[in-house]
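Please read the structure below before turning to the comments.
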Amino acid sequence: MDSRVNGDVDVDVAVIGCGTTGLALGRLLELEGLRVAVIDRGRMPMARPRATHVDDETMRAFQTLGLQHLEKDFSLVGMYRHYDSQWRTVMEFDWHRGRTEQGWQSDYMFHQPDFEAVLRGYAHNYANAGTYFGWEVTTLKDAGDSVLVNVREIATAQDRQIRASFVVGCDGANSSVRELMGSTQIDHNATHRSLIIDIIPFVAKDELAGRDAFIQGAIRNPLTFAPIAAPRLRFELMLRPDDDSAAFERTEKAYEVLSPWFSPDEYRMLRCDVYEWRSLTATPWRAGRLLLAGDSAHTMPPHLGQGMCSGIRDATNLAWKLGRVIRGDSPIELLDTYETERRPHVGAYTTLAAEWANKIEALVASADEPPVVRAEALRPRLGPGVRDDTNELAGTLSAQPRTASGRLLDDVVGYRFAVVGDPVVLSGTSDRTKAMLESLDAQVLQEFSGEVRDWVRSLGAAAVIIRPDRYLFGAVGDSAELDVLVAALETTLQPSAVPAS
C-alpha cells in the first residue's frame, strides 16, 4: 500500500502518532498481517531522544520487533545514588542485575531516534502499510463499522481520507484522540517540570566516568544525572512551582548547571528545554472503534524509566487482539480486555514513580551507614482478561529460556500463542485439544530440555500456555489439565464466551 498514490485508502487499523508506542504497534500489526496506516506530523524521526531506558522485558519486545541488532549500540547501567544537599549518600541502588530470565540484560540506555528510524523503515517496506510522515489528522468521523480519518500533508496541504476499521491514538500526552473520545484523566498528583540538558562531552571527567547515575535532593532544584546512550550525558533540574521556564531554558542556565563538571567549551549541547512530567491515567481507553495507547492513555514521572516501556507493553497486548477481532476470530468485546489487563499493570509503575518523584525534594541522609539496595524487577500481574483465573501464575510474565539449539524462545515461537511443556503431557491431550491449538495457530514447542525444562518445572508445572505478549494464560500439571486449560482459552477467545460490554 503506497500512501503516495492519489485517492482514499481502506485499512484495518490507523495508528495516529509515531513515537515509540505507535511505531511498535504498527510493526506488530504487520506481524499480524493487517493493513495499516501510520500517521505522524514529523517527516523524520525527532533528532533528540525523549525516552532513554529499556528494561529486559521491553528488550524482549524489541527482539520481536526486529530491533535486536541495535543492542550492540546500547549502554548498560550502573549504581544509582541518592544524595542529600551536602552530597552525603542517602541510598545506593545497584541498578544492573545482569542477564535475566528474560534472555537480556536487566537494563539498558538506548538512543530513541535509532529505534524510530528502523521502525519507520519497516513500515515503509511493508506492502500493506501506508506511511503518512509529515501529515496531520484534521478530523475523525464515526462511520458505524469504521472510522473516517481525514489527513492533510503539512508541506503541500494535500488532503486524503483513510477509512479504518479501528483507530489507535498514540499521539502523546496531549492526545487529540483522547479528547475526541471524551476520556477523562485521573491525576496521581506527581506533576513536575524539569529542565533537561543533554550533552556529548569532548573531554572525560573522572567524577562522571562509568555508568553510575545520581539524584541530589533536598536542594531548591533537585538535580539528576544519568549517562544515557554513550557518549551522551543527561542532566535534569527539577523546577519549583514559581520557577520561570523561559529563564531556565536560556543557554547560560545550562552552562551554570554543568559548571561543577564542565566548561562550556567542553561539550556539545544537544538539548536544553523544560518538560512537564505529568502523572495521569485516562479513562476509558476504548470508545467503540477508537483506542488509546502509550502516553495518550497514561503518563508517569521518569524516575523508574518505565514510561516508554509501558507504552510498548500496551502495543504488545493490543496488536494480537486487534488481529483476532479484525479477522473475525473473536468479537469486538475482546478489546475490552486490553484496558482491564493493562490498567492495573501500568498503575503499579505509575504509583511508584509518583512516590519517587514526590520524595526527591526531601532526601536527607541519616547518621547510619547508607543502605545499598539491590534493584529488584517489578513484575506486576495483568488484570482480569485473557487468563485462567484458577491459577495464580496466569497473567504473570513468562521467562524466555534458550532452547537446546541455543535460540531464544520467542525467536522459535514467534508473536503467537505457544504451548511449552513435557512432550508426554503434550502428546497425551485429546484430539479436540490438538485441533483447538491448530485453529489458534499456536506454536507447540516439542523440545523440553535444559533451560526450557528447568523453567517450566520451576513453576511447579508440566506445561504452560504463553500468550503472544509473553504473559502466561495458565499452567498445568498433566494432560487432562491441559485439555481443560486449552478449552478455557478457546472459550475466552470465541464469540459465544466473551461477555458483551
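Starting from 1 in every chain, residues are counted up; chains themselves are A, B, ... following the order of the C-alpha cells, and ligands are numbered from 1 as listed.
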
Practice item. Could you give me, as a list of chain:residue names, each residue of region 363-451 of chain A that DSSP assigns to alpha helix (DSSP H) when run on this structure's backbone? Key: A:Leu409, A:Asp410, A:Asp411, A:Val412, A:Val413, A:Pro423, A:Val424, A:Val425, A:Leu426, A:Ser427, A:Asp431, A:Arg432, A:Thr433, A:Lys434, A:Ala435, A:Met436, A:Leu437, A:Glu438, A:Ser439, A:Gly450, A:Glu451

What would the file look like if the residues just selected were written as a PDB file, in the first residue's frame with N, CA and C atoms?
ATOM      1  N   LEU A 409      13.536 -18.420  23.149  1.00  0.00           N
ATOM      2  CA  LEU A 409      12.204 -18.986  22.974  1.00  0.00           C
ATOM      3  C   LEU A 409      11.349 -18.178  22.007  1.00  0.00           C
ATOM      4  N   ASP A 410      11.337 -16.845  22.142  1.00  0.00           N
ATOM      5  CA  ASP A 410      10.461 -16.023  21.310  1.00  0.00           C
ATOM      6  C   ASP A 410      10.820 -16.128  19.835  1.00  0.00           C
ATOM      7  N   ASP A 411      12.097 -16.340  19.531  1.00  0.00           N
ATOM      8  CA  ASP A 411      12.502 -16.498  18.132  1.00  0.00           C
ATOM      9  C   ASP A 411      11.966 -17.794  17.548  1.00  0.00           C
ATOM     10  N   VAL A 412      11.729 -18.781  18.396  1.00  0.00           N
ATOM     11  CA  VAL A 412      11.210 -20.061  17.937  1.00  0.00           C
ATOM     12  C   VAL A 412       9.699 -20.000  17.753  1.00  0.00           C
ATOM     13  N   VAL A 413       8.988 -19.380  18.717  1.00  0.00           N
ATOM     14  CA  VAL A 413       7.522 -19.442  18.680  1.00  0.00           C
ATOM     15  C   VAL A 413       6.895 -18.280  17.924  1.00  0.00           C
ATOM     16  N   PRO A 423       6.807 -33.351  26.651  1.00  0.00           N
ATOM     17  CA  PRO A 423       6.200 -33.996  25.470  1.00  0.00           C
ATOM     18  C   PRO A 423       5.186 -35.074  25.831  1.00  0.00           C
ATOM     19  N   VAL A 424       5.387 -35.764  26.935  1.00  0.00           N
ATOM     20  CA  VAL A 424       4.423 -36.778  27.361  1.00  0.00           C
ATOM     21  C   VAL A 424       3.073 -36.136  27.649  1.00  0.00           C
ATOM     22  N   VAL A 425       3.101 -34.976  28.305  1.00  0.00           N
ATOM     23  CA  VAL A 425       1.871 -34.258  28.613  1.00  0.00           C
ATOM     24  C   VAL A 425       1.233 -33.723  27.334  1.00  0.00           C
ATOM     25  N   LEU A 426       2.039 -33.179  26.434  1.00  0.00           N
ATOM     26  CA  LEU A 426       1.506 -32.601  25.200  1.00  0.00           C
ATOM     27  C   LEU A 426       0.881 -33.679  24.313  1.00  0.00           C
ATOM     28  N   SER A 427       1.549 -34.817  24.216  1.00  0.00           N
ATOM     29  CA  SER A 427       1.036 -35.882  23.346  1.00  0.00           C
ATOM     30  C   SER A 427      -0.184 -36.567  23.945  1.00  0.00           C
ATOM     31  N   ASP A 431      -7.752 -35.237  20.993  1.00  0.00           N
ATOM     32  CA  ASP A 431      -7.746 -34.770  19.605  1.00  0.00           C
ATOM     33  C   ASP A 431      -8.398 -33.392  19.506  1.00  0.00           C
ATOM     34  N   ARG A 432      -9.424 -33.176  20.309  1.00  0.00           N
ATOM     35  CA  ARG A 432     -10.088 -31.871  20.286  1.00  0.00           C
ATOM     36  C   ARG A 432      -9.112 -30.777  20.712  1.00  0.00           C
ATOM     37  N   THR A 433      -8.313 -31.039  21.747  1.00  0.00           N
ATOM     38  CA  THR A 433      -7.334 -30.048  22.191  1.00  0.00           C
ATOM     39  C   THR A 433      -6.331 -29.765  21.089  1.00  0.00           C
ATOM     40  N   LYS A 434      -5.844 -30.798  20.442  1.00  0.00           N
ATOM     41  CA  LYS A 434      -4.874 -30.605  19.356  1.00  0.00           C
ATOM     42  C   LYS A 434      -5.490 -29.786  18.229  1.00  0.00           C
ATOM     43  N   ALA A 435      -6.761 -30.047  17.922  1.00  0.00           N
ATOM     44  CA  ALA A 435      -7.444 -29.290  16.864  1.00  0.00           C
ATOM     45  C   ALA A 435      -7.632 -27.827  17.270  1.00  0.00           C
ATOM     46  N   MET A 436      -7.962 -27.593  18.538  1.00  0.00           N
ATOM     47  CA  MET A 436      -8.141 -26.217  19.016  1.00  0.00           C
ATOM     48  C   MET A 436      -6.828 -25.445  18.925  1.00  0.00           C
ATOM     49  N   LEU A 437      -5.729 -26.077  19.319  1.00  0.00           N
ATOM     50  CA  LEU A 437      -4.435 -25.403  19.254  1.00  0.00           C
ATOM     51  C   LEU A 437      -4.068 -25.086  17.812  1.00  0.00           C
ATOM     52  N   GLU A 438      -4.411 -25.992  16.902  1.00  0.00           N
ATOM     53  CA  GLU A 438      -4.131 -25.731  15.488  1.00  0.00           C
ATOM     54  C   GLU A 438      -4.976 -24.572  14.981  1.00  0.00           C
ATOM     55  N   SER A 439      -6.231 -24.504  15.407  1.00  0.00           N
ATOM     56  CA  SER A 439      -7.102 -23.410  14.957  1.00  0.00           C
ATOM     57  C   SER A 439      -6.643 -22.065  15.521  1.00  0.00           C
ATOM     58  N   GLY A 450      17.000 -28.842  29.118  1.00  0.00           N
ATOM     59  CA  GLY A 450      17.826 -27.717  29.517  1.00  0.00           C
ATOM     60  C   GLY A 450      17.045 -26.595  30.157  1.00  0.00           C
ATOM     61  N   GLU A 451      17.274 -25.368  29.683  1.00  0.00           N
ATOM     62  CA  GLU A 451      16.649 -24.184  30.271  1.00  0.00           C
ATOM     63  C   GLU A 451      15.131 -24.224  30.165  1.00  0.00           C
TER      64      GLU A 451
END

Practice item. Tell me, as a PyMOL selection string, which residues lie within 12 Å of Met181 (chain A), counting only C-alpha atoms; anything in the same chain fewer than 6 positions away does not count. Key: chain A and resi 140-142+167-169+175+282-292+296-297

Go ahead and save the picked residues with N, CA and C atoms, as a PDB file, in the first residue's frame.
ATOM      1  N   LEU A 140     -11.720  13.189  12.657  1.00  0.00           N
ATOM      2  CA  LEU A 140     -12.085  11.782  12.788  1.00  0.00           C
ATOM      3  C   LEU A 140     -13.609  11.721  12.816  1.00  0.00           C
ATOM      4  N   LYS A 141     -14.193  10.781  12.053  1.00  0.00           N
ATOM      5  CA  LYS A 141     -15.653  10.689  11.993  1.00  0.00           C
ATOM      6  C   LYS A 141     -16.080   9.232  12.134  1.00  0.00           C
ATOM      7  N   ASP A 142     -16.996   8.977  13.048  1.00  0.00           N
ATOM      8  CA  ASP A 142     -17.544   7.642  13.245  1.00  0.00           C
ATOM      9  C   ASP A 142     -18.450   7.296  12.075  1.00  0.00           C
ATOM     10  N   VAL A 167      -9.032   2.835  15.029  1.00  0.00           N
ATOM     11  CA  VAL A 167      -8.026   3.892  15.151  1.00  0.00           C
ATOM     12  C   VAL A 167      -7.428   3.802  16.544  1.00  0.00           C
ATOM     13  N   VAL A 168      -6.104   3.832  16.615  1.00  0.00           N
ATOM     14  CA  VAL A 168      -5.420   3.835  17.902  1.00  0.00           C
ATOM     15  C   VAL A 168      -4.659   5.141  18.043  1.00  0.00           C
ATOM     16  N   GLY A 169      -5.027   5.908  19.060  1.00  0.00           N
ATOM     17  CA  GLY A 169      -4.350   7.165  19.330  1.00  0.00           C
ATOM     18  C   GLY A 169      -3.085   6.915  20.141  1.00  0.00           C
ATOM     19  N   SER A 175      -3.071  14.142  23.675  1.00  0.00           N
ATOM     20  CA  SER A 175      -3.764  13.389  22.634  1.00  0.00           C
ATOM     21  C   SER A 175      -5.072  14.024  22.179  1.00  0.00           C
ATOM     22  N   ALA A 282      -5.822   7.969  31.781  1.00  0.00           N
ATOM     23  CA  ALA A 282      -7.094   8.246  31.113  1.00  0.00           C
ATOM     24  C   ALA A 282      -8.105   7.154  31.421  1.00  0.00           C
ATOM     25  N   THR A 283      -9.372   7.511  31.289  1.00  0.00           N
ATOM     26  CA  THR A 283     -10.449   6.524  31.382  1.00  0.00           C
ATOM     27  C   THR A 283     -11.618   7.007  30.512  1.00  0.00           C
ATOM     28  N   PRO A 284     -12.143   6.199  29.590  1.00  0.00           N
ATOM     29  CA  PRO A 284     -11.678   4.853  29.254  1.00  0.00           C
ATOM     30  C   PRO A 284     -10.562   4.889  28.215  1.00  0.00           C
ATOM     31  N   TRP A 285     -10.031   3.702  27.904  1.00  0.00           N
ATOM     32  CA  TRP A 285      -9.023   3.589  26.852  1.00  0.00           C
ATOM     33  C   TRP A 285      -9.632   3.157  25.522  1.00  0.00           C
ATOM     34  N   ARG A 286     -10.903   2.825  25.543  1.00  0.00           N
ATOM     35  CA  ARG A 286     -11.589   2.445  24.303  1.00  0.00           C
ATOM     36  C   ARG A 286     -12.977   3.040  24.284  1.00  0.00           C
ATOM     37  N   ALA A 287     -13.344   3.616  23.143  1.00  0.00           N
ATOM     38  CA  ALA A 287     -14.707   4.077  22.901  1.00  0.00           C
ATOM     39  C   ALA A 287     -15.071   3.625  21.494  1.00  0.00           C
ATOM     40  N   GLY A 288     -15.827   2.543  21.396  1.00  0.00           N
ATOM     41  CA  GLY A 288     -16.168   1.997  20.088  1.00  0.00           C
ATOM     42  C   GLY A 288     -14.942   1.520  19.345  1.00  0.00           C
ATOM     43  N   ARG A 289     -14.659   2.187  18.230  1.00  0.00           N
ATOM     44  CA  ARG A 289     -13.526   1.795  17.385  1.00  0.00           C
ATOM     45  C   ARG A 289     -12.303   2.687  17.585  1.00  0.00           C
ATOM     46  N   LEU A 290     -12.349   3.518  18.602  1.00  0.00           N
ATOM     47  CA  LEU A 290     -11.208   4.359  18.950  1.00  0.00           C
ATOM     48  C   LEU A 290     -10.554   3.814  20.214  1.00  0.00           C
ATOM     49  N   LEU A 291      -9.216   3.740  20.211  1.00  0.00           N
ATOM     50  CA  LEU A 291      -8.473   3.255  21.379  1.00  0.00           C
ATOM     51  C   LEU A 291      -7.288   4.166  21.647  1.00  0.00           C
ATOM     52  N   LEU A 292      -6.771   4.071  22.867  1.00  0.00           N
ATOM     53  CA  LEU A 292      -5.605   4.844  23.285  1.00  0.00           C
ATOM     54  C   LEU A 292      -4.480   3.904  23.684  1.00  0.00           C
ATOM     55  N   SER A 296      -0.856   8.600  25.502  1.00  0.00           N
ATOM     56  CA  SER A 296      -2.243   9.034  25.328  1.00  0.00           C
ATOM     57  C   SER A 296      -3.128   8.447  26.426  1.00  0.00           C
ATOM     58  N   ALA A 297      -2.764   7.245  26.889  1.00  0.00           N
ATOM     59  CA  ALA A 297      -3.562   6.560  27.904  1.00  0.00           C
ATOM     60  C   ALA A 297      -3.040   6.782  29.306  1.00  0.00           C
TER      61      ALA A 297
END

Review point. Among region 56-154 of chain A, which residues carry a DSSP assignment of strand (DSSP E), reported as a VMD selection string?
Key: chain A and resid 75 to 76 79 to 83 89 to 94 107 to 109 129 to 133 135 to 142 147 to 153

Check your understanding: Could you pull the residues within 9 Å of Thr64 (chain A), counting only C-alpha atoms, minus those fewer than 4 positions along the same chain, as number ranges by chain?
Key -> A: 28, 59-60, 68, 410-411, 414-415

Would you mind exporting the chosen residues as a compact mmCIF listing (two decimals), in the first residue's frame, restricted to C-alpha atoms?
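Everything below was put into again_20.txt:
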# COMPACT_ATOMS: atom_id res chain seq x y z
CA LEU A 28 3.21 -5.77 15.47
CA MET A 59 14.20 -5.60 25.16
CA ARG A 60 12.34 -8.84 24.63
CA GLN A 68 17.78 -6.77 18.47
CA ASP A 410 10.46 -16.02 21.31
CA ASP A 411 12.50 -16.50 18.13
CA GLY A 414 7.01 -16.01 17.11
CA TYR A 415 4.29 -13.47 18.01

Exercise for review: Do a neighbour search on Arg211 (chain A) at 7 Å with only C-alpha atoms, toss out local chain neighbours closer than 6 positions, and write the hits as a PyMOL selection string.
Suggested key: chain A and resi 76-78+227

Output C-alpha atoms for every residue in that selection, as a CSV table (one decimal), in the first residue's frame.
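Listed below is the output, selection_7.csv:
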chain,number,residue,atom,x,y,z
A,76,LEU,CA,24.5,-0.7,30.3
A,77,VAL,CA,23.6,1.0,33.7
A,78,GLY,CA,25.5,1.1,37.0
A,227,PRO,CA,24.8,8.6,31.5
